[in-house]
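Q: Take a look at protein30.txt, compact mmCIF, C-alpha atoms:
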# COMPACT_ATOMS: atom_id res chain seq x y z
CA MET A 1 102.43 59.33 133.28
CA LYS A 2 100.18 56.54 132.07
CA ILE A 3 101.46 53.28 130.64
CA GLU A 4 99.22 50.55 129.23
CA GLN A 5 100.57 47.09 128.51
CA GLU A 6 99.11 43.80 127.36
CA SER A 7 100.88 40.45 127.31
CA LYS A 8 99.94 36.91 126.40
CA VAL A 9 100.70 34.31 129.06
CA GLY A 10 101.06 30.60 128.32
CA ALA A 11 98.74 29.46 131.14
CA SER A 12 95.04 29.61 131.99
CA ARG A 13 93.81 32.66 133.85
CA GLU A 14 93.01 30.50 136.91
CA ARG A 15 96.65 29.41 137.15
CA VAL A 16 97.93 32.95 136.56
CA TRP A 17 95.51 34.34 139.16
CA SER A 18 96.55 31.72 141.70
CA LEU A 19 100.17 32.78 141.41
CA LEU A 20 99.55 36.53 141.25
CA GLU A 21 97.33 36.61 144.34
CA ASP A 22 100.43 35.55 146.30
CA VAL A 23 101.89 39.06 146.24
CA PRO A 24 105.38 38.32 147.66
CA ARG A 25 105.79 35.41 145.22
CA ALA A 26 104.52 37.46 142.26
CA ALA A 27 106.73 40.42 143.21
CA SER A 28 109.78 38.15 143.22
CA LEU A 29 109.24 37.70 139.46
CA ILE A 30 109.85 41.42 138.80
CA PRO A 31 113.56 42.07 138.20
CA GLY A 32 115.08 44.21 140.96
CA VAL A 33 112.25 43.72 143.49
CA SER A 34 113.19 42.24 146.86
CA ASP A 35 112.16 41.91 150.50
CA VAL A 36 108.41 42.03 149.85
CA VAL A 37 106.59 41.17 153.08
CA GLU A 38 102.99 41.40 154.20
CA THR A 39 102.63 44.11 156.85
CA GLY A 40 98.85 43.86 157.28
CA PRO A 41 95.75 42.70 155.43
CA ASN A 42 96.43 43.37 151.72
CA THR A 43 99.33 45.67 152.67
CA TYR A 44 102.97 45.03 151.79
CA SER A 45 106.39 46.65 151.96
CA GLY A 46 109.38 46.03 149.76
CA LYS A 47 112.41 47.32 147.91
CA MET A 48 113.28 47.82 144.26
CA GLU A 49 116.57 48.59 142.57
CA THR A 50 116.70 49.33 138.88
CA ARG A 51 118.47 51.41 136.30
CA VAL A 52 116.58 53.89 134.13
CA GLY A 53 118.84 55.32 131.47
CA PRO A 54 121.99 56.52 133.25
CA MET A 55 120.36 56.60 136.72
CA LYS A 56 120.41 53.81 139.28
CA ILE A 57 117.27 53.98 141.41
CA SER A 58 116.78 52.39 144.83
CA LEU A 59 113.26 52.55 146.26
CA ASP A 60 111.65 51.57 149.56
CA GLY A 61 107.89 51.37 149.31
CA GLU A 62 104.53 50.24 150.55
CA LEU A 63 101.51 49.07 148.60
CA THR A 64 97.97 47.93 149.13
CA THR A 65 96.04 45.54 146.93
CA THR A 66 92.35 45.16 146.21
CA GLN A 67 91.55 41.91 144.47
CA ASN A 68 88.32 40.85 142.76
CA PRO A 69 88.51 37.12 142.01
CA GLU A 70 85.07 37.06 140.38
CA ASP A 71 86.33 38.98 137.35
CA TYR A 72 90.09 38.38 137.73
CA THR A 73 90.97 42.03 138.36
CA TRP A 74 92.95 43.83 140.99
CA ARG A 75 94.24 47.26 141.91
CA ILE A 76 97.58 48.06 143.46
CA GLU A 77 98.22 51.45 145.04
CA GLY A 78 101.72 52.27 146.19
CA ASN A 79 104.11 54.91 147.43
CA ALA A 80 107.88 54.68 147.40
CA LYS A 81 110.77 56.86 148.47
CA ALA A 82 114.03 56.92 146.56
CA LEU A 83 117.13 56.63 148.71
CA ALA A 84 118.70 59.48 146.71
CA GLY A 85 115.66 61.72 147.23
CA GLY A 86 112.25 62.06 145.66
CA GLY A 87 109.79 59.28 145.24
CA LEU A 88 106.76 58.06 143.37
CA ARG A 89 103.08 57.26 143.66
CA VAL A 90 101.58 54.54 141.53
CA ILE A 91 98.18 53.03 140.79
CA VAL A 92 98.09 49.81 138.81
CA ASP A 93 94.87 48.29 137.48
CA ALA A 94 95.30 44.79 136.10
CA ALA A 95 93.07 42.12 134.60
CA ILE A 96 93.48 38.59 133.33
CA ALA A 97 91.33 37.54 130.36
CA GLU A 98 90.94 33.95 129.20
CA GLY A 99 92.78 33.36 125.95
CA GLY A 100 92.09 29.70 125.33
CA ALA A 101 92.67 26.34 127.00
CA ASP A 102 96.19 27.11 128.16
CA SER A 103 96.59 30.82 127.59
CA SER A 104 95.44 34.13 128.97
CA THR A 105 96.03 37.82 128.46
CA LEU A 106 97.36 40.05 131.23
CA THR A 107 96.41 43.71 130.81
CA VAL A 108 98.09 46.30 133.03
CA ALA A 109 97.29 50.03 133.19
CA THR A 110 99.75 52.02 135.29
CA ASP A 111 99.43 55.63 136.40
CA ILE A 112 102.69 56.79 137.95
CA GLN A 113 103.70 60.16 139.38
CA PHE A 114 107.33 60.94 140.06
CA MET A 115 108.41 63.49 142.65
CA GLY A 116 111.71 65.22 143.25
CA LYS A 117 114.80 63.94 141.50
CA LEU A 118 112.90 61.04 139.92
CA GLY A 119 110.64 63.56 138.18
CA THR A 120 113.58 64.81 136.11
CA MET A 121 113.89 61.54 134.18
CA GLY A 122 112.48 61.60 130.68
CA GLN A 123 109.29 59.73 129.87
CA PRO A 124 110.88 57.82 126.96
CA PHE A 125 113.46 56.28 129.37
CA ILE A 126 110.74 55.37 131.86
CA ARG A 127 108.36 53.95 129.25
CA SER A 128 111.16 51.86 127.73
CA LYS A 129 112.13 50.52 131.17
CA ALA A 130 108.49 49.71 132.02
CA ASN A 131 108.10 47.74 128.78
CA SER A 132 111.35 45.88 129.43
CA GLN A 133 110.28 45.07 133.01
CA MET A 134 106.91 43.74 131.79
CA LYS A 135 108.58 41.44 129.24
CA ASP A 136 110.94 40.09 131.91
CA PHE A 137 108.06 39.66 134.37
CA ILE A 138 105.98 37.67 131.84
CA LYS A 139 108.99 35.48 131.00
CA ASN A 140 109.59 34.82 134.71
CA LEU A 141 105.86 34.25 135.31
CA GLU A 142 105.64 31.61 132.59
CA LYS A 143 108.79 29.91 133.89
CA GLU A 144 107.34 29.85 137.43
CA LEU A 145 104.03 28.45 136.18
CA LYS A 146 105.82 25.54 134.47
CA GLN A 147 107.35 24.36 137.75
Would you give me this structure, written as structure tokens?

A:
Amino acid sequence: MKIEQESKVGASRERVWSLLEDVPRAASLIPGVSDVVETGPNTYSGKMETRVGPMKISLDGELTTTQNPEDYTWRIEGNAKALAGGGLRVIVDAAIAEGGADSSTLTVATDIQFMGKLGTMGQPFIRSKANSQMKDFIKNLEKELKQ
């Protein structure tokens, strides 16, 4: 399933990039994400708990990042296992475009594959949750950037 999102951020792309390249700090801004630690160069592990429709999902996962500071883009590739069975694979391509003196635009393209029990959830539930998570992340990002 592919999800594309775009959000305005009330900070310059340099400030947004500076925060987002600190993966554990950036991950802490996503509701339900915890225990993100660097396990090697550009490699991280972490946990996520969330609710999608009637299902509560607990995931343990690993991800790798490839960052390109010259054009403010990065790729995240991850795998996670659900504690109740199943799992997911995800590829996220993101970019930050300058939007003015104190604004930028964060564009995120996600390709996610669900396996096992997670694959039985409907796409409308997942898409709705992804949009909600992005809104909360942007709100938390802007709050963090003001500190």

Q: Near Ala84 (chain A), counting only C-alpha atoms, which residues have an atom at most 9 Å away, once you skip same-chain residues fewer than 4 positions from it, shown as a PyMOL selection string?

A: chain A and resi 57-59+117

Q: Those same residues - C-alpha atoms - I'd like them written as a PDB file, in the frame of the given file.

A:
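File written: part14.pdb
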ATOM      1  CA  ILE A  57     117.270  53.980 141.410  1.00  0.00           C
ATOM      2  CA  SER A  58     116.780  52.390 144.830  1.00  0.00           C
ATOM      3  CA  LEU A  59     113.260  52.550 146.260  1.00  0.00           C
ATOM      4  CA  LYS A 117     114.800  63.940 141.500  1.00  0.00           C
TER       5      LYS A 117
END

Q: Have a look at CA of Thr107 (chain A) and CA of Ala94 (chain A) and let me know their distance in Å, one decimal.

A: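 Separation between CA of Thr107 (chain A) and CA of Ala94 (chain A): 5.5 Å.
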
Q: May I ask which of the residues A:Gly40, A:Pro31, A:Gly10, A:Gly100 is the closest one to Met134 (chain A), counting all atoms listed in the file?

A: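 The answer is A:Pro31, which sits nearest to Met134 (chain A).
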
Q: Mind checking which residues fall within 12 Å of Arg127 (chain A), counting only C-alpha atoms, ignoring those fewer than 3 positions away in the same chain, and posting them as JSON, numbers by chain?

A: {"A": [1, 2, 3, 4, 5, 52, 53, 110, 111, 112, 121, 122, 123, 124, 130, 131, 132, 133, 134]}

Q: Name the closest residue to Ser7 (chain A) among the candidates A:Asp22, A:Glu144, A:Glu49, A:Asp136; distances are taken between atoms, counting all atoms listed in the file.

A: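 Closest to Ser7 (chain A), using all atoms listed in the file: A:Asp136.
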
Q: Which is closer to Phe125 (chain A) than all the others in A:Ile138, A:Val16, A:Ala82, A:Met55, using all atoms listed in the file?

A: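 Closest to Phe125 (chain A) of all the choices is A:Met55.
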
Q: Which residues come within 12 Å of Leu145 (chain A), counting only C-alpha atoms, excluding same-chain residues fewer than 4 positions away, as a list in words?

A: Val9, Gly10, Ala11, Ser12, Arg13, Glu14, Arg15, Val16, Trp17, Ser18, Leu19, Leu20, Arg25, Ala26, Leu29, Asp102, Ser103, Ile138, Lys139, Asn140 and Leu141 of chain A

Q: Which residues are near Val90 (chain A)? Cut-off 9 Å, only C-alpha atoms, ignore same chain within fewer than 6 positions. Put them as a PDB file with C-alpha atoms, in the coordinates of the input.

A:
ATOM      1  CA  LEU A  63     101.510  49.070 148.600  1.00  0.00           C
ATOM      2  CA  ILE A  76      97.580  48.060 143.460  1.00  0.00           C
ATOM      3  CA  GLU A  77      98.220  51.450 145.040  1.00  0.00           C
ATOM      4  CA  GLY A  78     101.720  52.270 146.190  1.00  0.00           C
ATOM      5  CA  ASN A  79     104.110  54.910 147.430  1.00  0.00           C
ATOM      6  CA  ALA A  80     107.880  54.680 147.400  1.00  0.00           C
ATOM      7  CA  THR A 110      99.750  52.020 135.290  1.00  0.00           C
ATOM      8  CA  ASP A 111      99.430  55.630 136.400  1.00  0.00           C
ATOM      9  CA  ILE A 112     102.690  56.790 137.950  1.00  0.00           C
ATOM     10  CA  GLN A 113     103.700  60.160 139.380  1.00  0.00           C
ATOM     11  CA  PHE A 114     107.330  60.940 140.060  1.00  0.00           C
TER      12      PHE A 114
END

Q: With only C-alpha atoms as the basis for distance, which of A:Gln147, A:Thr50, A:Thr73, A:Thr64 is at the shortest distance from Glu38 (chain A)?

A: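 Of all the options, A:Thr64 lies closest to Glu38 (chain A).
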
Q: Can you list, as a VMD selection string, every protein, DNA or RNA residue that comes within 10 Å of Asp71 (chain A) when you count only C-alpha atoms, leaving out same-chain residues fewer than 4 positions away?

A: chain A and resid 67 95 to 97

Q: To one decimal place in Å, what is the distance between CA of Glu98 (chain A) and CA of Ile30 (chain A)?

A: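 CA of Glu98 (chain A) sits 22.5 Å away from CA of Ile30 (chain A).
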
Q: To one decimal place, how far is CA of Glu62 (chain A) from CA of Ser104 (chain A) in Å?

A: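 One can read the CA of Glu62 (chain A) to CA of Ser104 (chain A) distance as 28.4 Å.
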
Q: Compare A:Pro54, A:Gly46, A:Asp35, A:Pro41 by their minimum atom-to-atom distance to Lys129 (chain A), counting all atoms listed in the file, and give me the closest one.

A: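 Closest to Lys129 (chain A) of all the choices is A:Pro54.
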
Q: With distances taken over only C-alpha atoms, which residue among A:Thr43, A:Tyr72, A:Leu88, A:Leu106 lies nearest Asp60 (chain A)?

A: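 For Asp60 (chain A), the nearest of the given residues is A:Leu88.
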
Q: Quick one: region 13-24 of chain A with N, CA and C atoms, as a JSON list (two decimals), in the first residue's frame?

A:
[["chain", "number", "residue", "atom", "x", "y", "z"],
["A", 13, "ARG", "N", 13.89, 24.77, 6.26],
["A", 13, "ARG", "CA", 14.26, 23.37, 6.03],
["A", 13, "ARG", "C", 15.56, 23.01, 6.72],
["A", 14, "GLU", "N", 16.47, 23.97, 6.93],
["A", 14, "GLU", "CA", 17.71, 23.68, 7.66],
["A", 14, "GLU", "C", 17.41, 23.28, 9.10],
["A", 15, "ARG", "N", 16.49, 23.99, 9.74],
["A", 15, "ARG", "CA", 16.13, 23.66, 11.13],
["A", 15, "ARG", "C", 15.41, 22.33, 11.20],
["A", 16, "VAL", "N", 14.51, 22.08, 10.24],
["A", 16, "VAL", "CA", 13.78, 20.80, 10.22],
["A", 16, "VAL", "C", 14.77, 19.67, 9.98],
["A", 17, "TRP", "N", 15.67, 19.84, 9.02],
["A", 17, "TRP", "CA", 16.66, 18.80, 8.72],
["A", 17, "TRP", "C", 17.51, 18.49, 9.95],
["A", 18, "SER", "N", 17.96, 19.54, 10.63],
["A", 18, "SER", "CA", 18.81, 19.37, 11.80],
["A", 18, "SER", "C", 18.13, 18.49, 12.85],
["A", 19, "LEU", "N", 16.85, 18.69, 13.05],
["A", 19, "LEU", "CA", 16.13, 17.87, 14.02],
["A", 19, "LEU", "C", 15.91, 16.45, 13.48],
["A", 20, "LEU", "N", 15.49, 16.33, 12.23],
["A", 20, "LEU", "CA", 15.14, 15.02, 11.70],
["A", 20, "LEU", "C", 16.35, 14.10, 11.50],
["A", 21, "GLU", "N", 17.55, 14.66, 11.34],
["A", 21, "GLU", "CA", 18.70, 13.78, 11.18],
["A", 21, "GLU", "C", 19.10, 13.13, 12.50],
["A", 22, "ASP", "N", 18.55, 13.60, 13.60],
["A", 22, "ASP", "CA", 18.70, 12.94, 14.90],
["A", 22, "ASP", "C", 17.54, 11.95, 15.01],
["A", 23, "VAL", "N", 17.74, 10.75, 14.51],
["A", 23, "VAL", "CA", 16.64, 9.78, 14.36],
["A", 23, "VAL", "C", 15.94, 9.47, 15.68],
["A", 24, "PRO", "N", 16.65, 9.15, 16.78],
["A", 24, "PRO", "CA", 15.91, 8.88, 18.02],
["A", 24, "PRO", "C", 15.06, 10.07, 18.48]]
